[in-house]
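Structure file run31.cif with mmCIF, N, CA and C atoms:
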```
data_input
loop_
_atom_site.label_atom_id
_atom_site.label_comp_id
_atom_site.auth_asym_id
_atom_site.auth_seq_id
_atom_site.Cartn_x
_atom_site.Cartn_y
_atom_site.Cartn_z
N MET A 1 106.90 78.08 118.96
CA MET A 1 107.78 79.12 118.47
C MET A 1 109.07 79.12 119.29
N LYS A 2 110.16 79.31 118.58
CA LYS A 2 111.47 79.37 119.23
C LYS A 2 112.01 80.80 119.13
N ASN A 3 112.82 81.14 120.10
CA ASN A 3 113.45 82.46 120.13
C ASN A 3 114.96 82.30 119.95
N PHE A 4 115.55 83.22 119.20
CA PHE A 4 116.98 83.20 118.93
C PHE A 4 117.53 84.63 118.98
N GLU A 5 118.83 84.72 119.14
CA GLU A 5 119.55 85.98 118.99
C GLU A 5 120.43 85.83 117.76
N LEU A 6 120.38 86.81 116.84
CA LEU A 6 121.15 86.76 115.61
C LEU A 6 122.44 87.55 115.75
N TYR A 7 123.55 86.93 115.32
CA TYR A 7 124.86 87.55 115.37
C TYR A 7 125.58 87.41 114.04
N TRP A 8 126.41 88.38 113.77
CA TRP A 8 127.44 88.28 112.74
C TRP A 8 128.74 88.58 113.46
N LYS A 9 129.62 87.61 113.48
CA LYS A 9 130.81 87.66 114.32
C LYS A 9 130.33 87.91 115.76
N GLU A 10 130.79 88.97 116.40
CA GLU A 10 130.36 89.29 117.77
C GLU A 10 129.29 90.38 117.80
N LEU A 11 128.84 90.80 116.63
CA LEU A 11 127.87 91.88 116.51
C LEU A 11 126.45 91.36 116.67
N HIS A 12 125.77 91.80 117.72
CA HIS A 12 124.39 91.40 117.96
C HIS A 12 123.49 92.21 117.04
N ILE A 13 122.77 91.53 116.16
CA ILE A 13 121.93 92.21 115.18
C ILE A 13 120.49 92.32 115.68
N GLY A 14 119.99 91.26 116.30
CA GLY A 14 118.63 91.35 116.80
C GLY A 14 118.12 90.04 117.36
N SER A 15 116.86 90.07 117.79
CA SER A 15 116.18 88.91 118.36
C SER A 15 115.17 88.37 117.35
N LEU A 16 115.16 87.05 117.20
CA LEU A 16 114.27 86.40 116.23
C LEU A 16 113.22 85.56 116.94
N VAL A 17 112.06 85.51 116.35
CA VAL A 17 111.01 84.58 116.76
C VAL A 17 110.70 83.73 115.54
N GLU A 18 110.94 82.43 115.66
CA GLU A 18 110.69 81.51 114.55
C GLU A 18 109.20 81.21 114.48
N THR A 19 108.58 81.53 113.36
CA THR A 19 107.15 81.30 113.19
C THR A 19 106.86 80.21 112.16
N ASN A 20 107.87 79.82 111.40
CA ASN A 20 107.69 78.79 110.38
C ASN A 20 109.02 78.06 110.22
N TRP A 21 108.98 76.77 110.08
CA TRP A 21 110.21 76.02 109.91
C TRP A 21 109.98 74.86 108.96
N ASP A 22 110.97 74.59 108.21
CA ASP A 22 111.00 73.49 107.26
C ASP A 22 112.47 73.33 106.93
N MET A 23 112.82 73.29 105.65
CA MET A 23 114.23 73.25 105.30
C MET A 23 114.89 74.57 105.74
N ARG A 24 114.15 75.65 105.58
CA ARG A 24 114.59 76.96 106.03
C ARG A 24 113.61 77.44 107.09
N SER A 25 114.12 78.18 108.03
CA SER A 25 113.27 78.74 109.07
C SER A 25 112.98 80.20 108.74
N SER A 26 111.84 80.66 109.18
CA SER A 26 111.51 82.07 108.97
C SER A 26 110.75 82.59 110.18
N GLY A 27 110.71 83.88 110.26
CA GLY A 27 110.02 84.51 111.37
C GLY A 27 110.19 86.00 111.32
N ASP A 28 110.24 86.59 112.48
CA ASP A 28 110.32 88.03 112.61
C ASP A 28 111.58 88.40 113.39
N ILE A 29 112.11 89.57 113.07
CA ILE A 29 113.29 90.06 113.79
C ILE A 29 112.96 91.41 114.42
N VAL A 30 113.46 91.57 115.63
CA VAL A 30 113.44 92.87 116.30
C VAL A 30 114.91 93.27 116.38
N PHE A 31 115.26 94.30 115.63
CA PHE A 31 116.66 94.71 115.56
C PHE A 31 117.12 95.32 116.88
N ASP A 32 118.34 95.01 117.26
CA ASP A 32 118.96 95.57 118.45
C ASP A 32 119.10 97.08 118.27
N THR A 33 118.74 97.85 119.28
CA THR A 33 118.79 99.31 119.20
C THR A 33 120.21 99.80 118.95
N ASP A 34 121.19 99.21 119.61
CA ASP A 34 122.58 99.62 119.40
C ASP A 34 123.00 99.36 117.96
N PHE A 35 122.52 98.27 117.39
CA PHE A 35 122.83 97.96 116.00
C PHE A 35 122.20 99.00 115.07
N LEU A 36 120.92 99.30 115.28
CA LEU A 36 120.22 100.26 114.41
C LEU A 36 120.81 101.65 114.50
N ASN A 37 121.29 102.04 115.66
CA ASN A 37 121.81 103.39 115.86
C ASN A 37 123.32 103.48 115.64
N GLY A 38 123.95 102.37 115.35
CA GLY A 38 125.39 102.36 115.18
C GLY A 38 125.82 102.78 113.79
N SER A 39 127.07 103.15 113.68
CA SER A 39 127.60 103.54 112.38
C SER A 39 129.07 103.14 112.25
N SER A 40 129.46 102.10 112.93
CA SER A 40 130.86 101.67 112.88
C SER A 40 131.16 101.00 111.54
N GLU A 41 132.44 100.78 111.32
CA GLU A 41 132.87 100.11 110.09
C GLU A 41 132.29 98.70 109.99
N GLU A 42 131.97 98.12 111.12
CA GLU A 42 131.42 96.77 111.14
C GLU A 42 129.91 96.77 110.88
N ILE A 43 129.20 97.76 111.39
CA ILE A 43 127.74 97.82 111.27
C ILE A 43 127.29 98.26 109.88
N THR A 44 127.95 99.26 109.31
CA THR A 44 127.51 99.85 108.04
C THR A 44 127.35 98.83 106.92
N PRO A 45 128.31 97.93 106.67
CA PRO A 45 128.11 96.95 105.59
C PRO A 45 126.94 96.00 105.85
N ILE A 46 126.73 95.64 107.12
CA ILE A 46 125.61 94.75 107.45
C ILE A 46 124.28 95.47 107.20
N MET A 47 124.20 96.74 107.57
CA MET A 47 122.98 97.51 107.31
C MET A 47 122.71 97.62 105.81
N ARG A 48 123.76 97.84 105.03
CA ARG A 48 123.60 97.92 103.58
C ARG A 48 123.13 96.58 103.01
N LEU A 49 123.69 95.48 103.53
CA LEU A 49 123.27 94.14 103.10
C LEU A 49 121.79 93.92 103.42
N ILE A 50 121.36 94.31 104.60
CA ILE A 50 119.96 94.13 105.00
C ILE A 50 119.04 94.92 104.07
N LYS A 51 119.38 96.17 103.79
CA LYS A 51 118.56 96.99 102.89
C LYS A 51 118.51 96.38 101.49
N HIS A 52 119.64 95.89 101.02
CA HIS A 52 119.67 95.23 99.71
C HIS A 52 118.79 93.98 99.72
N SER A 53 118.91 93.19 100.76
CA SER A 53 118.15 91.95 100.87
C SER A 53 116.64 92.23 100.87
N VAL A 54 116.21 93.26 101.56
CA VAL A 54 114.79 93.63 101.58
C VAL A 54 114.34 94.02 100.18
N ARG A 55 115.13 94.84 99.49
CA ARG A 55 114.77 95.25 98.12
C ARG A 55 114.69 94.04 97.20
N TYR A 56 115.64 93.10 97.34
CA TYR A 56 115.64 91.90 96.51
C TYR A 56 114.44 91.01 96.83
N SER A 57 114.10 90.92 98.09
CA SER A 57 112.93 90.14 98.52
C SER A 57 111.65 90.70 97.90
N ILE A 58 111.50 92.02 97.92
CA ILE A 58 110.33 92.66 97.32
C ILE A 58 110.28 92.36 95.83
N TYR A 59 111.43 92.45 95.18
CA TYR A 59 111.53 92.14 93.75
C TYR A 59 111.06 90.71 93.47
N LEU A 60 111.53 89.75 94.25
CA LEU A 60 111.15 88.35 94.05
C LEU A 60 109.66 88.12 94.33
N GLU A 61 109.15 88.77 95.36
CA GLU A 61 107.73 88.61 95.71
C GLU A 61 106.80 89.20 94.65
N ASN A 62 107.31 90.15 93.88
CA ASN A 62 106.51 90.76 92.82
C ASN A 62 106.64 90.03 91.49
N GLY A 63 107.15 88.82 91.53
CA GLY A 63 107.24 88.01 90.32
C GLY A 63 108.41 88.36 89.42
N GLU A 64 109.46 88.93 89.99
CA GLU A 64 110.67 89.26 89.24
C GLU A 64 110.35 90.09 88.01
N THR A 65 109.53 91.09 88.16
CA THR A 65 109.17 91.95 87.04
C THR A 65 109.96 93.25 87.09
N GLY A 66 110.18 93.83 85.94
CA GLY A 66 110.90 95.09 85.85
C GLY A 66 112.37 94.88 85.57
N ASP A 67 113.07 95.99 85.43
CA ASP A 67 114.49 95.96 85.10
C ASP A 67 115.38 95.95 86.33
N ASP A 68 114.78 95.93 87.51
CA ASP A 68 115.56 96.00 88.74
C ASP A 68 116.44 94.78 88.97
N GLY A 69 116.09 93.65 88.40
CA GLY A 69 116.82 92.41 88.65
C GLY A 69 118.28 92.51 88.31
N ASP A 70 118.61 93.05 87.16
CA ASP A 70 120.01 93.17 86.76
C ASP A 70 120.77 94.07 87.73
N GLN A 71 120.16 95.17 88.11
CA GLN A 71 120.80 96.09 89.04
C GLN A 71 121.00 95.44 90.41
N LEU A 72 120.00 94.72 90.86
CA LEU A 72 120.10 94.05 92.16
C LEU A 72 121.19 92.99 92.15
N LEU A 73 121.32 92.26 91.05
CA LEU A 73 122.38 91.25 90.95
C LEU A 73 123.76 91.90 90.95
N LYS A 74 123.90 93.04 90.28
CA LYS A 74 125.17 93.75 90.30
C LYS A 74 125.51 94.21 91.71
N GLU A 75 124.50 94.75 92.39
CA GLU A 75 124.71 95.21 93.76
C GLU A 75 125.08 94.06 94.69
N GLU A 76 124.51 92.89 94.43
CA GLU A 76 124.78 91.74 95.29
C GLU A 76 126.26 91.39 95.32
N ASN A 77 126.96 91.65 94.23
CA ASN A 77 128.40 91.38 94.18
C ASN A 77 129.16 92.14 95.25
N GLU A 78 128.64 93.28 95.66
CA GLU A 78 129.29 94.07 96.71
C GLU A 78 129.24 93.36 98.07
N PHE A 79 128.32 92.42 98.22
CA PHE A 79 128.09 91.79 99.51
C PHE A 79 128.52 90.33 99.57
N LEU A 80 129.19 89.85 98.54
CA LEU A 80 129.54 88.43 98.49
C LEU A 80 130.39 88.00 99.67
N ASP A 81 131.26 88.88 100.16
CA ASP A 81 132.08 88.50 101.32
C ASP A 81 131.22 88.26 102.55
N LEU A 82 130.13 89.03 102.73
CA LEU A 82 129.22 88.82 103.86
C LEU A 82 128.29 87.64 103.62
N ILE A 83 127.85 87.47 102.39
CA ILE A 83 126.93 86.38 102.06
C ILE A 83 127.61 85.03 102.19
N ASN A 84 128.85 84.95 101.75
CA ASN A 84 129.56 83.67 101.71
C ASN A 84 130.37 83.35 102.97
N CYS A 85 130.39 84.26 103.94
CA CYS A 85 131.20 84.01 105.12
C CYS A 85 130.49 83.06 106.09
N SER A 86 131.26 82.51 106.98
CA SER A 86 130.72 81.56 107.96
C SER A 86 130.57 82.20 109.34
N ASP A 87 130.42 83.51 109.38
CA ASP A 87 130.36 84.24 110.65
C ASP A 87 128.95 84.52 111.13
N TRP A 88 127.94 84.00 110.46
CA TRP A 88 126.54 84.18 110.87
C TRP A 88 126.15 83.06 111.83
N TYR A 89 125.51 83.41 112.92
CA TYR A 89 125.04 82.37 113.83
C TYR A 89 123.90 82.89 114.71
N LEU A 90 123.22 81.94 115.30
CA LEU A 90 122.15 82.21 116.25
C LEU A 90 122.57 81.68 117.61
N ILE A 91 122.03 82.28 118.65
CA ILE A 91 122.12 81.72 119.99
C ILE A 91 120.70 81.33 120.36
N ASN A 92 120.50 80.04 120.65
CA ASN A 92 119.14 79.57 120.95
C ASN A 92 118.80 79.78 122.43
N GLU A 93 117.61 79.34 122.79
CA GLU A 93 117.12 79.54 124.16
C GLU A 93 117.97 78.82 125.21
N LYS A 94 118.71 77.79 124.78
CA LYS A 94 119.59 77.06 125.70
C LYS A 94 121.00 77.66 125.71
N LYS A 95 121.16 78.82 125.07
CA LYS A 95 122.45 79.52 124.97
C LYS A 95 123.46 78.76 124.12
N GLU A 96 122.96 77.92 123.21
CA GLU A 96 123.81 77.17 122.30
C GLU A 96 123.97 77.94 120.99
N LYS A 97 125.16 77.86 120.42
CA LYS A 97 125.45 78.51 119.15
C LYS A 97 124.99 77.62 118.01
N VAL A 98 124.24 78.20 117.07
CA VAL A 98 123.73 77.48 115.91
C VAL A 98 124.24 78.21 114.67
N ASN A 99 125.15 77.60 113.93
CA ASN A 99 125.69 78.23 112.72
C ASN A 99 124.64 78.22 111.62
N ILE A 100 124.54 79.36 110.91
CA ILE A 100 123.58 79.50 109.82
C ILE A 100 124.26 80.11 108.60
N LEU A 101 123.59 79.96 107.46
CA LEU A 101 124.01 80.69 106.27
C LEU A 101 123.56 82.14 106.42
N CYS A 102 124.03 83.00 105.57
CA CYS A 102 123.62 84.40 105.62
C CYS A 102 122.10 84.48 105.53
N PRO A 103 121.44 85.14 106.47
CA PRO A 103 119.98 85.21 106.44
C PRO A 103 119.49 86.12 105.31
N PHE A 104 118.23 85.93 104.95
CA PHE A 104 117.57 86.74 103.92
C PHE A 104 116.53 87.60 104.63
N PHE A 105 116.63 88.88 104.45
CA PHE A 105 115.75 89.82 105.14
C PHE A 105 114.61 90.25 104.23
N HIS A 106 113.44 90.43 104.83
CA HIS A 106 112.23 90.82 104.10
C HIS A 106 111.68 92.10 104.71
N GLU A 107 110.74 92.72 103.98
CA GLU A 107 110.11 93.92 104.54
C GLU A 107 109.28 93.54 105.76
N ASP A 108 108.90 94.51 106.52
CA ASP A 108 108.11 94.31 107.74
C ASP A 108 108.82 93.41 108.75
N ASN A 109 110.14 93.51 108.79
CA ASN A 109 110.98 92.78 109.75
C ASN A 109 110.87 91.27 109.64
N GLY A 110 110.62 90.77 108.44
CA GLY A 110 110.65 89.33 108.21
C GLY A 110 112.07 88.88 107.95
N ILE A 111 112.36 87.63 108.25
CA ILE A 111 113.69 87.08 108.05
C ILE A 111 113.57 85.58 107.78
N THR A 112 114.47 85.08 106.92
CA THR A 112 114.54 83.65 106.61
C THR A 112 115.99 83.23 106.83
N TRP A 113 116.18 82.05 107.44
CA TRP A 113 117.54 81.56 107.66
C TRP A 113 117.57 80.05 107.53
N GLN A 114 118.78 79.54 107.34
CA GLN A 114 118.98 78.10 107.18
C GLN A 114 120.22 77.68 107.95
N LYS A 115 120.10 76.61 108.68
CA LYS A 115 121.24 76.06 109.42
C LYS A 115 122.28 75.56 108.42
N VAL A 116 123.53 75.61 108.84
CA VAL A 116 124.63 75.10 108.01
C VAL A 116 124.60 73.60 108.02
#
```
Now that the file is in, can you turn its structure into structure tokens?
Amino acid sequence: MKNFELYWKELHIGSLVETNWDMRSSGDIVFDTDFLNGSSEEITPIMRLIKHSVRYSIYLENGETGDDGDQLLKEENEFLDLINCSDWYLINEKKEKVNILCPFFHEDNGITWQKV
């Protein structure tokens, strides 16, 4: 298992433990307390993206059933600037920066990410 710190720009979001790896890595996240308790202009959109990602993950895990899919796709448009940006990265155990695509958040503090 590898340990990482997740960042968006200079904002520390949390600590990751990689429990599965292949083309995409996945594991668990422990959110930074300052991040969870913050309400700055920088934190709020990231928190909204995480909540959206969890809801979308639940939708996908349930076999894409129900009418929520259209609503979730509409909501996703609000986050395209965060999803498509290149400001997501990890710091590994050697203190090296590892650029990643926007991570996908799951319920129970699960997370999936992919290196650029």
Practice problem: Record the distance separating atom C of A:Ser40 and atom CA of A:Glu5, expressed in Å with one decimal. | Solution: 20.4 Å
Practice problem: Might you spell out which residues the PyMOL selection byres ((chain A and resi 6-15) around 5) would select in the displayed file, as a ChimeraX atom specification? | Solution: /A:4-5,16-17,29-32,87-90
Quiz prompt | Evaluate the PyMOL selection byres (((chain A and resi 115 and name CA) around 6) and name CA) and report residues as a count of residues only | solution = 4
Quiz prompt | Near-stretch 45-52 of chain A list (8 Å; only N, CA and C atoms; drop same-chain fewer than 3 positions) as a ChimeraX atom specification | solution = /A:35,39-42,55-58,72,75-76,78-79,82,104-106
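Interatomic distance, atom CA of A:Asp68 against atom CA of A:Ser26: 24.9 Å.
Residues lying within 5 Å of (116.9, 81.0, 106.4). Counted over all atoms listed in the file, they are Arg24, Ser25, Thr112, Trp113 and Gln114 of chain A.
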Quiz prompt | DSSP-assigned strand (DSSP E) members of chain A, reported as a PyMOL selection string | solution = chain A and resi 2-8+11-21+25-31+88-91+97-99+104-106+110-113
Exercise. In Å, rounded to a single decimal, give me how far atom C of A:Asn3 is from atom CA of A:Glu18.
Key: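 Atom C of A:Asn3 lies at a distance of 6.9 Å from atom CA of A:Glu18.
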For stretch 77-88 of chain A, where the input has fewer atoms than it should, I would like all heavy atoms rebuilt and written as a CSV table (one decimal), in the coordinates of the input.
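The resulting file, result-v1.csv, is shown below:
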```csv
chain,number,residue,atom,x,y,z
A,77,ASN,N,127.0,91.6,94.2
A,77,ASN,CA,128.4,91.4,94.2
A,77,ASN,C,129.2,92.1,95.2
A,77,ASN,O,130.2,91.7,95.7
A,77,ASN,CB,129.0,91.7,92.8
A,77,ASN,CG,128.5,90.7,91.8
A,77,ASN,OD1,128.3,89.5,92.1
A,77,ASN,ND2,128.3,91.2,90.5
A,78,GLU,N,128.6,93.3,95.7
A,78,GLU,CA,129.3,94.1,96.7
A,78,GLU,C,129.2,93.4,98.1
A,78,GLU,O,130.0,93.7,99.0
A,78,GLU,CB,128.6,95.4,96.9
A,78,GLU,CG,128.6,96.3,95.6
A,78,GLU,CD,127.8,97.6,95.8
A,78,GLU,OE1,127.7,98.0,97.0
A,78,GLU,OE2,127.3,98.0,94.8
A,79,PHE,N,128.3,92.4,98.2
A,79,PHE,CA,128.1,91.8,99.5
A,79,PHE,C,128.5,90.3,99.6
A,79,PHE,O,128.2,89.7,100.6
A,79,PHE,CB,126.6,91.9,99.9
A,79,PHE,CG,126.1,93.3,99.8
A,79,PHE,CD1,125.2,93.7,98.9
A,79,PHE,CD2,126.5,94.2,100.8
A,79,PHE,CE1,124.7,95.0,98.8
A,79,PHE,CE2,126.0,95.5,100.8
A,79,PHE,CZ,125.1,95.9,99.8
A,80,LEU,N,129.2,89.8,98.5
A,80,LEU,CA,129.5,88.4,98.5
A,80,LEU,C,130.4,88.0,99.7
A,80,LEU,O,130.2,86.9,100.2
A,80,LEU,CB,130.2,88.1,97.2
A,80,LEU,CG,129.3,88.1,95.9
A,80,LEU,CD1,130.1,87.8,94.7
A,80,LEU,CD2,128.1,87.2,96.1
A,81,ASP,N,131.3,88.9,100.2
A,81,ASP,CA,132.1,88.5,101.3
A,81,ASP,C,131.2,88.3,102.6
A,81,ASP,O,131.5,87.4,103.3
A,81,ASP,CB,133.2,89.5,101.6
A,81,ASP,CG,132.6,90.9,101.8
A,81,ASP,OD1,131.5,91.3,101.3
A,81,ASP,OD2,133.2,91.7,102.6
A,82,LEU,N,130.1,89.0,102.7
A,82,LEU,CA,129.2,88.8,103.9
A,82,LEU,C,128.3,87.6,103.6
A,82,LEU,O,128.0,86.9,104.5
A,82,LEU,CB,128.4,90.1,104.1
A,82,LEU,CG,129.1,91.3,104.6
A,82,LEU,CD1,128.2,92.5,104.6
A,82,LEU,CD2,129.7,91.1,105.9
A,83,ILE,N,127.8,87.5,102.4
A,83,ILE,CA,126.9,86.4,102.1
A,83,ILE,C,127.6,85.0,102.2
A,83,ILE,O,127.0,84.1,102.7
A,83,ILE,CB,126.4,86.6,100.6
A,83,ILE,CG1,125.5,87.8,100.6
A,83,ILE,CG2,125.6,85.3,100.2
A,83,ILE,CD1,125.1,88.3,99.2
A,84,ASN,N,128.8,85.0,101.8
A,84,ASN,CA,129.6,83.7,101.7
A,84,ASN,C,130.4,83.4,103.0
A,84,ASN,O,131.0,82.3,103.1
A,84,ASN,CB,130.5,83.6,100.5
A,84,ASN,CG,129.7,83.6,99.2
A,84,ASN,OD1,128.6,83.1,99.1
A,84,ASN,ND2,130.3,84.3,98.2
A,85,CYS,N,130.4,84.3,103.9
A,85,CYS,CA,131.2,84.0,105.1
A,85,CYS,C,130.5,83.1,106.1
A,85,CYS,O,129.3,82.9,106.0
A,85,CYS,CB,131.6,85.3,105.8
A,85,CYS,SG,130.2,86.1,106.8
A,86,SER,N,131.3,82.5,107.0
A,86,SER,CA,130.7,81.6,108.0
A,86,SER,C,130.6,82.2,109.3
A,86,SER,O,130.6,81.5,110.4
A,86,SER,CB,131.6,80.3,108.0
A,86,SER,OG,132.9,80.7,108.4
A,87,ASP,N,130.4,83.5,109.4
A,87,ASP,CA,130.4,84.2,110.6
A,87,ASP,C,129.0,84.5,111.1
A,87,ASP,O,128.8,85.2,112.1
A,87,ASP,CB,131.1,85.6,110.5
A,87,ASP,CG,132.6,85.3,110.2
A,87,ASP,OD1,133.2,84.4,110.9
A,87,ASP,OD2,133.2,86.1,109.4
A,88,TRP,N,127.9,84.0,110.5
A,88,TRP,CA,126.5,84.2,110.9
A,88,TRP,C,126.2,83.1,111.8
A,88,TRP,O,126.4,81.9,111.5
A,88,TRP,CB,125.6,84.2,109.7
A,88,TRP,CG,125.8,85.3,108.7
A,88,TRP,CD1,126.6,85.3,107.6
A,88,TRP,CD2,125.3,86.6,108.8
A,88,TRP,NE1,126.5,86.5,107.0
A,88,TRP,CE2,125.7,87.3,107.7
A,88,TRP,CE3,124.4,87.2,109.7
A,88,TRP,CZ2,125.4,88.6,107.5
A,88,TRP,CZ3,124.0,88.5,109.5
A,88,TRP,CH2,124.5,89.2,108.4
```
